[in-house]
$ cat work29.pdb   # PDB, C-alpha atoms and all ligand atoms
MODEL        1
ATOM      1  CA  MET M   1       0.000   0.000   0.000
ATOM      2  CA  SER M   2       2.483   2.646   1.052
ATOM      3  CA  LYS M   3       5.595   3.356  -0.909
ATOM      4  CA  LYS M   4       8.738   1.996   0.594
ATOM      5  CA  ASN M   5      11.423   4.453   1.446
ATOM      6  CA  THR M   6      14.338   4.839   3.739
ATOM      7  CA  ILE M   7      14.345   7.448   6.442
ATOM      8  CA  LEU M   8      17.643   8.489   7.912
ATOM      9  CA  PRO M   9      16.994  10.453  11.086
ATOM     10  CA  SER M  10      19.577  13.006  12.004
ATOM     11  CA  THR M  11      20.762  11.097  15.036
ATOM     12  CA  ALA M  12      24.488  11.083  15.470
ATOM     13  CA  SER M  13      26.089   7.694  15.143
ATOM     14  CA  GLN M  14      26.589   6.203  18.564
ATOM     15  CA  PRO M  15      29.286   3.760  19.556
ATOM     16  CA  SER M  16      28.282   0.187  19.003
ATOM     17  CA  GLY M  17      28.625  -2.380  21.704
ATOM     18  CA  LEU M  18      26.577  -4.979  23.391
ATOM     19  CA  PRO M  19      24.238  -5.563  25.139
ATOM     20  CA  PHE M  20      21.120  -6.036  23.039
ATOM     21  CA  THR M  21      18.374  -6.538  25.605
ATOM     22  CA  VAL M  22      14.584  -6.612  25.657
ATOM     23  CA  LYS M  23      12.389  -6.065  28.697
ATOM     24  CA  TYR M  24       8.599  -6.369  28.871
ATOM     25  CA  TRP M  25       7.073  -3.683  31.119
ATOM     26  CA  GLY M  26       3.529  -4.528  29.989
ATOM     27  CA  THR M  27       2.204  -7.744  28.478
ATOM     28  CA  ARG M  28      -1.571  -7.300  28.609
ATOM     29  CA  GLY M  29      -3.827  -6.329  25.732
ATOM     30  CA  SER M  30      -6.888  -4.090  25.528
ATOM     31  CA  ILE M  31      -7.123  -2.792  29.115
ATOM     32  CA  PRO M  32      -5.110  -3.086  32.328
ATOM     33  CA  SER M  33      -6.134  -6.117  34.325
ATOM     34  CA  PRO M  34      -4.671  -5.982  37.831
ATOM     35  CA  GLY M  35      -5.766  -8.506  40.404
ATOM     36  CA  PRO M  36      -4.830 -11.696  42.160
ATOM     37  CA  ASP M  37      -5.682 -13.865  39.151
ATOM     38  CA  THR M  38      -3.393 -11.965  36.765
ATOM     39  CA  VAL M  39      -0.491 -10.879  38.933
ATOM     40  CA  GLY M  40       1.755 -13.671  37.651
ATOM     41  CA  TYR M  41       1.739 -12.622  33.996
ATOM     42  CA  GLY M  42       1.018  -8.991  34.815
ATOM     43  CA  GLY M  43      -1.796  -6.526  34.349
ATOM     44  CA  ASN M  44      -0.047  -3.613  32.655
ATOM     45  CA  THR M  45      -0.666  -2.995  28.969
ATOM     46  CA  THR M  46       1.920  -3.126  26.216
ATOM     47  CA  CYS M  47       5.316  -1.524  26.683
ATOM     48  CA  VAL M  48       8.584  -3.097  25.538
ATOM     49  CA  GLU M  49      12.039  -1.684  26.233
ATOM     50  CA  VAL M  50      14.800  -2.498  23.740
ATOM     51  CA  ARG M  51      18.391  -1.471  24.476
ATOM     52  CA  CYS M  52      20.930  -1.615  21.680
ATOM     53  CA  GLY M  53      24.271  -0.648  23.142
ATOM     54  CA  ASP M  54      23.626   2.770  24.677
ATOM     55  CA  GLN M  55      20.508   3.476  22.600
ATOM     56  CA  LEU M  56      17.108   3.050  24.216
ATOM     57  CA  PHE M  57      14.022   2.225  22.162
ATOM     58  CA  VAL M  58      10.564   1.737  23.632
ATOM     59  CA  ILE M  59       7.783   0.086  21.665
ATOM     60  CA  ASP M  60       4.434   1.533  22.777
ATOM     61  CA  GLY M  61       3.312   3.478  25.828
ATOM     62  CA  GLY M  62       0.823   1.205  27.568
ATOM     63  CA  THR M  63       0.549   1.412  31.332
ATOM     64  CA  GLY M  64       3.822  -0.471  31.700
ATOM     65  CA  VAL M  65       5.626   2.693  30.616
ATOM     66  CA  ARG M  66       4.980   4.337  33.998
ATOM     67  CA  LEU M  67       7.498   2.204  35.897
ATOM     68  CA  LEU M  68      10.010   2.477  33.064
ATOM     69  CA  GLY M  69       9.687   6.253  33.310
ATOM     70  CA  GLU M  70      10.490   6.187  37.014
ATOM     71  CA  LEU M  71      13.606   4.157  36.296
ATOM     72  CA  LEU M  72      14.701   6.585  33.584
ATOM     73  CA  ASN M  73      14.047   9.554  35.857
ATOM     74  CA  ALA M  74      16.399   8.052  38.402
ATOM     75  CA  ASN M  75      19.085   6.517  36.214
ATOM     76  CA  GLY M  76      18.677   7.761  32.623
ATOM     77  CA  PRO M  77      19.444   7.570  29.821
ATOM     78  CA  THR M  78      17.843  10.884  28.953
ATOM     79  CA  LYS M  79      17.321  10.090  25.280
ATOM     80  CA  VAL M  80      14.395   7.786  24.465
ATOM     81  CA  THR M  81      13.054   6.767  21.055
ATOM     82  CA  PHE M  82       9.469   5.493  20.999
ATOM     83  CA  LEU M  83       8.334   3.266  18.131
ATOM     84  CA  MET M  84       4.538   3.122  18.125
ATOM     85  CA  SER M  85       2.767  -0.006  16.826
ATOM     86  CA  HIS M  86      -0.429   2.038  16.521
ATOM     87  CA  LEU M  87      -2.476   4.428  18.623
ATOM     88  CA  HIS M  88      -5.142   2.311  20.266
ATOM     89  CA  MET M  89      -5.813   3.111  23.895
ATOM     90  CA  ASP M  90      -3.969   0.169  25.436
ATOM     91  CA  HIS M  91      -0.770   1.248  23.643
ATOM     92  CA  VAL M  92      -0.828   4.928  24.660
ATOM     93  CA  MET M  93      -2.670   5.117  27.978
ATOM     94  CA  GLY M  94       0.496   5.088  30.090
ATOM     95  CA  PHE M  95       1.913   8.253  28.543
ATOM     96  CA  PRO M  96       0.206  10.727  30.934
ATOM     97  CA  PHE M  97       2.182   9.084  33.743
ATOM     98  CA  PHE M  98       5.512   8.800  31.912
ATOM     99  CA  ALA M  99       7.462  11.123  34.195
ATOM    100  CA  PRO M 100      10.285  12.059  31.758
ATOM    101  CA  PHE M 101       7.763  14.120  29.770
ATOM    102  CA  LEU M 102       7.829  16.574  32.668
ATOM    103  CA  ARG M 103      11.602  16.689  33.042
ATOM    104  CA  PRO M 104      13.792  19.218  31.238
ATOM    105  CA  GLY M 105      16.867  17.560  29.815
ATOM    106  CA  PHE M 106      15.060  14.565  28.394
ATOM    107  CA  GLN M 107      14.998  14.160  24.625
ATOM    108  CA  ILE M 108      12.031  12.013  23.594
ATOM    109  CA  GLU M 109      11.552  11.079  19.950
ATOM    110  CA  LEU M 110       8.240   9.492  18.967
ATOM    111  CA  TRP M 111       7.709   7.615  15.701
ATOM    112  CA  SER M 112       4.337   6.443  14.441
ATOM    113  CA  ALA M 113       2.468   5.709  11.270
ATOM    114  CA  LEU M 114      -0.780   7.557  10.776
ATOM    115  CA  HIS M 115      -3.550   5.583  12.475
ATOM    116  CA  HIS M 116      -6.975   6.464  11.131
ATOM    117  CA  GLY M 117      -5.245   9.606   9.864
ATOM    118  CA  HIS M 118      -3.802  10.559  13.245
ATOM    119  CA  SER M 119      -0.198  10.742  14.462
ATOM    120  CA  ILE M 120       1.212  10.123  17.920
ATOM    121  CA  LYS M 121       1.441  13.912  18.266
ATOM    122  CA  ASP M 122      -2.325  14.154  17.771
ATOM    123  CA  THR M 123      -2.936  11.391  20.294
ATOM    124  CA  LEU M 124      -0.688  12.918  22.957
ATOM    125  CA  GLY M 125      -2.576  16.162  22.425
ATOM    126  CA  GLN M 126      -5.781  14.321  23.248
ATOM    127  CA  LEU M 127      -4.282  12.591  26.304
ATOM    128  CA  PHE M 128      -2.673  15.712  27.777
ATOM    129  CA  ALA M 129      -5.848  17.773  27.745
ATOM    130  CA  GLN M 130      -8.532  18.861  30.136
ATOM    131  CA  PRO M 131     -10.972  17.743  31.371
ATOM    132  CA  THR M 132      -9.622  14.191  31.447
ATOM    133  CA  PHE M 133      -6.080  15.135  32.559
ATOM    134  CA  PRO M 134      -4.815  18.288  34.296
ATOM    135  CA  VAL M 135      -1.434  18.389  32.545
ATOM    136  CA  THR M 136      -1.496  19.846  29.047
ATOM    137  CA  MET M 137       1.041  19.571  26.235
ATOM    138  CA  ALA M 138       2.182  23.122  26.943
ATOM    139  CA  MET M 139       3.333  22.051  30.408
ATOM    140  CA  LEU M 140       5.661  19.296  29.181
ATOM    141  CA  GLN M 141       9.327  20.077  29.807
ATOM    142  CA  ALA M 142      11.108  17.413  27.788
ATOM    143  CA  ASP M 143      12.401  18.093  24.286
ATOM    144  CA  LEU M 144       9.891  16.238  22.095
ATOM    145  CA  GLY M 145      10.356  15.158  18.481
ATOM    146  CA  PHE M 146       7.551  13.747  16.372
ATOM    147  CA  HIS M 147       8.075  11.644  13.238
ATOM    148  CA  VAL M 148       5.644   9.966  10.845
ATOM    149  CA  LEU M 149       6.620   6.714   9.155
ATOM    150  CA  GLN M 150       4.951   4.407   6.661
ATOM    151  CA  ALA M 151       4.712   0.631   6.765
ATOM    152  CA  GLY M 152       7.652  -0.700   4.787
ATOM    153  CA  ASP M 153      10.006   2.082   5.811
ATOM    154  CA  THR M 154      13.502   1.267   7.011
ATOM    155  CA  LEU M 155      14.861   3.570   9.702
ATOM    156  CA  LYS M 156      18.464   3.919  10.757
ATOM    157  CA  PHE M 157      19.478   5.111  14.209
ATOM    158  CA  GLY M 158      23.265   5.091  14.372
ATOM    159  CA  ASP M 159      24.201   1.430  14.044
ATOM    160  CA  VAL M 160      20.661   0.163  14.655
ATOM    161  CA  VAL M 161      18.499  -0.617  11.637
ATOM    162  CA  VAL M 162      14.728  -0.706  12.179
ATOM    163  CA  LYS M 163      12.560  -2.385   9.548
ATOM    164  CA  THR M 164       8.772  -2.223   9.463
ATOM    165  CA  THR M 165       5.779  -3.935   7.941
ATOM    166  CA  ILE M 166       2.030  -3.547   8.104
ATOM    167  CA  LEU M 167      -0.132  -5.699  10.372
ATOM    168  CA  ARG M 168      -3.767  -6.611   9.829
ATOM    169  CA  HIS M 169      -5.643  -4.752  12.592
ATOM    170  CA  PRO M 170      -8.424  -2.165  12.730
ATOM    171  CA  GLY M 171      -6.741   0.943  11.329
ATOM    172  CA  ASP M 172      -3.584  -1.136  10.708
ATOM    173  CA  ALA M 173      -0.602  -1.547  12.991
ATOM    174  CA  ILE M 174       3.159  -1.599  12.485
ATOM    175  CA  ALA M 175       5.525  -4.469  13.296
ATOM    176  CA  TYR M 176       9.144  -3.602  14.040
ATOM    177  CA  ARG M 177      12.386  -5.486  13.448
ATOM    178  CA  LEU M 178      15.453  -4.057  15.197
ATOM    179  CA  GLU M 179      18.805  -5.216  13.874
ATOM    180  CA  TYR M 180      21.960  -4.572  15.869
ATOM    181  CA  ALA M 181      25.357  -6.204  16.177
ATOM    182  CA  GLY M 182      24.392  -9.051  13.860
ATOM    183  CA  ARG M 183      21.240  -9.957  15.814
ATOM    184  CA  ALA M 184      17.558  -9.210  15.322
ATOM    185  CA  PHE M 185      14.482  -8.689  17.508
ATOM    186  CA  CYS M 186      10.917  -8.323  16.214
ATOM    187  CA  HIS M 187       7.785  -7.095  17.947
ATOM    188  CA  CYS M 188       4.478  -7.811  16.206
ATOM    189  CA  THR M 189       1.246  -6.666  17.837
ATOM    190  CA  ASP M 190      -1.624  -6.020  17.249
ATOM    191  CA  TRP M 191      -2.141  -8.564  14.498
ATOM    192  CA  GLU M 192      -4.907 -10.839  13.243
ATOM    193  CA  HIS M 193      -4.453 -13.748  10.889
ATOM    194  CA  PRO M 194      -7.599 -15.661   9.948
ATOM    195  CA  ALA M 195      -7.010 -19.359  10.480
ATOM    196  CA  HIS M 196      -6.609 -21.762   7.561
ATOM    197  CA  THR M 197      -5.440 -19.100   5.152
ATOM    198  CA  GLU M 198      -2.099 -18.517   3.544
ATOM    199  CA  LEU M 199       0.712 -17.180   5.652
ATOM    200  CA  ASP M 200       1.028 -13.429   6.072
ATOM    201  CA  LYS M 201       4.003 -13.119   3.738
ATOM    202  CA  GLY M 202       4.977  -9.616   4.767
ATOM    203  CA  LEU M 203       5.144 -10.641   8.398
ATOM    204  CA  VAL M 204       7.087 -13.832   7.666
ATOM    205  CA  ASP M 205       9.603 -11.781   5.688
ATOM    206  CA  LEU M 206      10.035  -9.370   8.593
ATOM    207  CA  LEU M 207      10.372 -12.226  11.091
ATOM    208  CA  ARG M 208      12.765 -14.323   9.020
ATOM    209  CA  ASP M 209      15.662 -15.772  11.060
ATOM    210  CA  THR M 210      14.969 -13.425  13.964
ATOM    211  CA  ASP M 211      16.748 -14.285  17.205
ATOM    212  CA  VAL M 212      13.824 -13.228  19.420
ATOM    213  CA  ALA M 213      10.324 -12.238  18.283
ATOM    214  CA  SER M 214       7.276 -11.289  20.305
ATOM    215  CA  ILE M 215       3.931 -11.762  18.609
ATOM    216  CA  ASP M 216       0.233 -11.295  19.339
ATOM    217  CA  ALA M 217      -1.334 -14.457  20.787
ATOM    218  CA  THR M 218      -4.504 -13.148  22.373
ATOM    219  CA  TYR M 219      -6.903 -16.034  21.711
ATOM    220  CA  THR M 220      -7.177 -19.775  21.586
ATOM    221  CA  ASP M 221      -8.562 -21.258  18.369
ATOM    222  CA  ASP M 222     -11.845 -22.056  20.142
ATOM    223  CA  GLU M 223     -12.228 -18.451  21.278
ATOM    224  CA  TYR M 224     -11.307 -17.039  17.877
ATOM    225  CA  GLU M 225     -13.826 -19.225  16.045
ATOM    226  CA  GLY M 226     -16.595 -18.579  18.562
ATOM    227  CA  ARG M 227     -16.763 -22.089  19.949
ATOM    228  CA  VAL M 228     -16.192 -20.476  23.358
ATOM    229  CA  GLY M 229     -18.078 -17.214  23.672
ATOM    230  CA  PRO M 230     -18.512 -14.844  20.739
ATOM    231  CA  SER M 231     -16.471 -15.144  17.560
ATOM    232  CA  ARG M 232     -13.412 -12.908  17.761
ATOM    233  CA  ARG M 233     -12.951 -12.741  13.984
ATOM    234  CA  GLY M 234     -12.293  -9.182  12.941
ATOM    235  CA  TRP M 235     -11.293  -8.060  16.409
ATOM    236  CA  GLY M 236      -7.707  -7.604  15.236
ATOM    237  CA  HIS M 237      -5.839 -10.159  17.310
ATOM    238  CA  GLY M 238      -4.046 -13.412  16.780
ATOM    239  CA  THR M 239      -4.189 -16.912  18.142
ATOM    240  CA  PHE M 240      -1.488 -19.005  19.747
ATOM    241  CA  ALA M 241      -1.571 -21.335  16.724
ATOM    242  CA  ALA M 242      -1.335 -18.577  14.113
ATOM    243  CA  ALA M 243       1.532 -16.952  15.988
ATOM    244  CA  LEU M 244       3.572 -20.156  16.077
ATOM    245  CA  ARG M 245       2.705 -20.977  12.474
ATOM    246  CA  HIS M 246       4.321 -17.725  11.413
ATOM    247  CA  THR M 247       7.339 -17.719  13.706
ATOM    248  CA  ASP M 248       8.047 -21.359  12.772
ATOM    249  CA  ALA M 249       7.782 -20.568   9.046
ATOM    250  CA  ALA M 250      10.213 -17.699   9.544
ATOM    251  CA  ARG M 251      12.642 -19.862  11.557
ATOM    252  CA  VAL M 252      12.481 -17.549  14.567
ATOM    253  CA  LYS M 253      14.853 -18.859  17.234
ATOM    254  CA  ARG M 254      12.904 -17.751  20.300
ATOM    255  CA  THR M 255       9.217 -16.843  20.241
ATOM    256  CA  ILE M 256       7.588 -14.675  22.902
ATOM    257  CA  LEU M 257       3.777 -14.801  23.041
ATOM    258  CA  THR M 258       2.191 -11.581  24.283
ATOM    259  CA  HIS M 259      -0.804  -9.199  24.315
ATOM    260  CA  HIS M 260      -2.665 -11.438  26.754
ATOM    261  CA  ASP M 261      -6.449 -11.203  26.794
ATOM    262  CA  PRO M 262      -7.449  -9.070  29.828
ATOM    263  CA  ARG M 263      -9.706 -11.869  31.081
ATOM    264  CA  ARG M 264      -7.007 -14.538  30.803
ATOM    265  CA  THR M 265      -5.969 -15.740  34.255
ATOM    266  CA  ASP M 266      -2.534 -16.909  35.314
ATOM    267  CA  ALA M 267      -3.947 -20.421  35.716
ATOM    268  CA  GLU M 268      -5.229 -20.403  32.135
ATOM    269  CA  LEU M 269      -1.922 -19.179  30.744
ATOM    270  CA  ASP M 270      -0.048 -21.790  32.765
ATOM    271  CA  GLY M 271      -2.423 -24.407  31.341
ATOM    272  CA  ILE M 272      -1.831 -23.211  27.785
ATOM    273  CA  ALA M 273       1.918 -23.338  28.389
ATOM    274  CA  ARG M 274       1.618 -26.936  29.599
ATOM    275  CA  THR M 275      -0.516 -28.122  26.697
ATOM    276  CA  LEU M 276      -0.079 -26.014  23.560
ATOM    277  CA  LEU M 277       3.572 -25.357  24.237
ATOM    278  CA  ALA M 278       4.594 -28.800  25.490
ATOM    279  CA  GLY M 279       7.938 -29.713  23.969
ATOM    280  CA  ARG M 280       8.566 -26.146  22.819
ATOM    281  CA  PRO M 281      11.328 -24.732  25.043
ATOM    282  CA  ASP M 282      11.916 -22.150  22.317
ATOM    283  CA  VAL M 283       8.535 -20.548  23.053
ATOM    284  CA  ARG M 284       7.533 -18.569  26.125
ATOM    285  CA  ILE M 285       4.309 -16.912  27.214
ATOM    286  CA  VAL M 286       5.779 -13.676  28.438
ATOM    287  CA  LYS M 287       5.371 -12.384  31.980
ATOM    288  CA  GLU M 288       5.575  -8.736  32.930
ATOM    289  CA  GLY M 289       9.175  -8.024  33.960
ATOM    290  CA  ASP M 290      10.721 -10.721  31.766
ATOM    291  CA  SER M 291      13.884  -9.655  30.027
ATOM    292  CA  PHE M 292      16.099 -11.328  27.480
ATOM    293  CA  ASP M 293      19.575 -10.710  26.161
ATOM    294  CA  VAL M 294      19.114 -11.027  22.409
ATOM    295  CA  ALA M 295      22.860 -11.140  21.878
ATOM    296  CA  ARG M 296      23.251 -14.159  24.149
ATOM    297  CA  ILE M 297      20.109 -16.116  23.369
ATOM    298  CA  ASP M 298      22.127 -19.146  22.276
ATOM    299  CA  GLU M 299      23.865 -19.453  25.611
ATOM    300  CA  GLY M 300      22.323 -22.053  27.854
ATOM    301  CA  SER M 301      19.605 -24.488  26.910
ATOM    302  CA  ASN M 302      16.933 -22.774  28.965
ATOM    303  CA  ALA M 303      17.431 -19.130  28.098
ATOM    304  CA  LEU M 304      13.736 -18.479  27.618
ATOM    305  CA  THR M 305      12.234 -20.358  30.512
ATOM    306  CA  ALA M 306      14.559 -18.751  33.024
ATOM    307  CA  PRO M 307      14.742 -15.136  31.944
ATOM    308  CA  LYS M 308      17.146 -12.790  33.563
ATOM    309  CA  ARG M 309      15.482 -10.177  35.777
ATOM    310  CA  VAL M 310      16.934  -6.711  35.505
TER
HETATM  311 ZN    ZN T   1      -3.552  -3.771  21.768
HETATM  312 ZN    ZN T   2      -5.001  -2.312  18.729
ENDMDL
END
$ encode --input "work29.pdb" --output "structure tokens"
Amino acid sequence: MSKKNTILPSTASQPSGLPFTVKYWGTRGSIPSPGPDTVGYGGNTTCVEVRCGDQLFVIDGGTGVRLLGELLNANGPTKVTFLMSHLHMDHVMGFPFFAPFLRPGFQIELWSALHHGHSIKDTLGQLFAQPTFPVTMAMLQADLGFHVLQAGDTLKFGDVVVKTTILRHPGDAIAYRLEYAGRAFCHCTDWEHPAHTELDKGLVDLLRDTDVASIDATYTDDEYEGRVGPSRRGWGHGTFAAALRHTDAARVKRTILTHHDPRRTDAELDGIARTLLAGRPDVRIVKEGDSFDVARIDEGSNALTAPKRV
């Protein structure tokens, strides 16, 4: 649909060097779901931190971004680049409580495709506005940069290359592939793939030979097809089976299943891990707080089931 081009932001080249790490600050889809039945996998909505050497990228600003912001306020770094999958509420609702927005000295760059014709700048303007929030855009102290991308664009940030593709979702969404130091990480939500159809070729191409990839696995097949509750066709989210079908076809080394349904309990996710994922140590249903070192994913036989906490 959109023309492919290459955008070279005016970021100065930064020294390369490991690590290449990913941390999940929010793993829930649709709406926060705190409570005793969800505390194990977490109730915060989507927010993923990716560190490539000394560069910090954050995919989406769900409610998980609040705690990340507190960490950055205390320890830095003071430059943050957000890559927005799209602008639905669960992916932006943490921004009003992302403390670095209120701190002078922070440089915050935000990249998004247009979603229903709107940019992340438009959406922040709606979030930081009375009467629903007392802080307005004019009160923000950080140095903000806004950038519009198109699905298919390739971005270059110093020695990090970021590739993109379109995802089937209401209003579309963007999947990201970050390449650094010879490794690759992909993040692919929100995404629907109707069962029993051909593979989503664009997504498989983006995922190909990725070291670690997180992908939307909101529903079971029975839920998606309406054998349990209403049919979820057209709701814009994937199934566990469709996710694995695509990451397997793309020879992804480690698959992270995410964007958990807000009603999904810890017990249900544990059950799915025991049954659907039996014999698949390369696949993990992600828990809030999990982190992985993409550069060292081959070390140890159990790198996914015993993630390093940072
Ligand atoms: Zn979502
Ligand atoms: Zn969405």
$ residues_near_point --input "work29.pdb" --point "(25.4, -12.8, 14.2)" --cutoff "12 Å" --atoms "only C-alpha atoms" --output "PyMOL selection string"
chain M and resi 20+179-184+209-211+294-298
$ atom_distance --input "work29.pdb" --atom1 "atom CA of Tyr24 of chain M" --atom2 "atom CA of Lys287 of chain M"
7.5 Å
$ resolve_selection --input "work29.pdb" --expression "the PyMOL selection byres (((chain M and resi 171) around 8) and not hetatm)" --output "short mmCIF file (atom, residue, chain, number, x, y, z; two decimals) with C-alpha atoms, in the frame of the given file"
data_model
loop_
_atom_site.label_atom_id
_atom_site.label_comp_id
_atom_site.auth_asym_id
_atom_site.auth_seq_id
_atom_site.Cartn_x
_atom_site.Cartn_y
_atom_site.Cartn_z
CA HIS M 115 -3.55 5.58 12.48
CA HIS M 116 -6.98 6.46 11.13
CA HIS M 169 -5.64 -4.75 12.59
CA PRO M 170 -8.42 -2.16 12.73
CA ASP M 172 -3.58 -1.14 10.71
CA ALA M 173 -0.60 -1.55 12.99
#
$ residues_around --input "work29.pdb" --residues "Arg103 of chain M" --least-positions-apart "5" --cutoff "12 Å" --atoms "only C-alpha atoms" --output "count of residues only"
16
$ residues_near_ligand --input "work29.pdb" --ligand "ligand ZN 2 (chain T)" --cutoff "9 Å" --atoms "all atoms listed in the file" --output "ChimeraX atom specification"
/M:29-30,85-91,169-173,189-191,235-237
$ closest_residue --input "work29.pdb" --among "M:Leu269, M:Ala241, M:Val65, M:Leu203" --to "Asp37 of chain M" --atoms "all atoms listed in the file"
M:Leu269
$ closest_residue --input "work29.pdb" --among "M:Leu207, M:Leu18, M:Ala138, M:Cys188" --to "ligand ZN 1 (chain T)" --atoms "all atoms listed in the file"
M:Cys188
$ closest_residue --input "work29.pdb" --among "M:Asp159, M:Asp200, M:Glu223, M:Asp261" --to "ligand ZN 1 (chain T)" --atoms "only C-alpha atoms and all ligand atoms"
M:Asp261
$ closest_residue --input "work29.pdb" --among "M:Pro104, M:Ala151, M:Asp216, M:Phe82" --to "ligand ZN 1 (chain T)" --atoms "only C-alpha atoms and all ligand atoms"
M:Asp216
$ closest_residue --input "work29.pdb" --among "M:Arg284, M:His259, M:Arg66, M:Arg245" --to "ligand ZN 1 (chain T)" --atoms "all atoms listed in the file"
M:His259
$ closest_residue --input "work29.pdb" --among "M:Pro96, M:Pro36, M:Gly229, M:Gly62" --to "ligand ZN 1 (chain T)" --atoms "only C-alpha atoms and all ligand atoms"
M:Gly62
$ resolve_selection --input "work29.pdb" --expression "the PyMOL selection byres (((chain M and resi 177) around 6) and not hetatm)" --output "list in words"
Val162, Lys163, Tyr176, Leu178, Phe185 and Cys186 of chain M
$ resolve_selection --input "work29.pdb" --expression "the PyMOL selection byres (((chain M and resi 165) around 6) and not hetatm)" --output "list in words"
Ala151, Gly152, Thr164, Ile166, Ile174 and Ala175 of chain M
$ residues_around --input "work29.pdb" --residues "Arg274 of chain M" --least-positions-apart "5" --cutoff "12 Å" --atoms "all atoms listed in the file" --output "PDB file with C-alpha atoms, in the coordinates of the input"
ATOM      1  CA  ALA M 267      -3.947 -20.421  35.716  1.00  0.00           C
ATOM      2  CA  GLU M 268      -5.229 -20.403  32.135  1.00  0.00           C
ATOM      3  CA  LEU M 269      -1.922 -19.179  30.744  1.00  0.00           C
ATOM      4  CA  GLY M 279       7.938 -29.713  23.969  1.00  0.00           C
ATOM      5  CA  ARG M 280       8.566 -26.146  22.819  1.00  0.00           C
ATOM      6  CA  PRO M 281      11.328 -24.732  25.043  1.00  0.00           C
ATOM      7  CA  VAL M 283       8.535 -20.548  23.053  1.00  0.00           C
ATOM      8  CA  ARG M 284       7.533 -18.569  26.125  1.00  0.00           C
ATOM      9  CA  ILE M 285       4.309 -16.912  27.214  1.00  0.00           C
TER      10      ILE M 285
END
$ axis_aligned_box --input "work29.pdb" --around "segment 45-63 of chain M" --padding-each-side "5 Å" --output "JSON"
{"center_x": 11.8, "center_y": 0.2, "center_z": 26.5, "size_x": 34.9, "size_y": 16.6, "size_z": 19.7}
$ atom_distance --input "work29.pdb" --atom1 "atom CA of Ala278 of chain M" --atom2 "atom CA of Leu244 of chain M"
12.8 Å
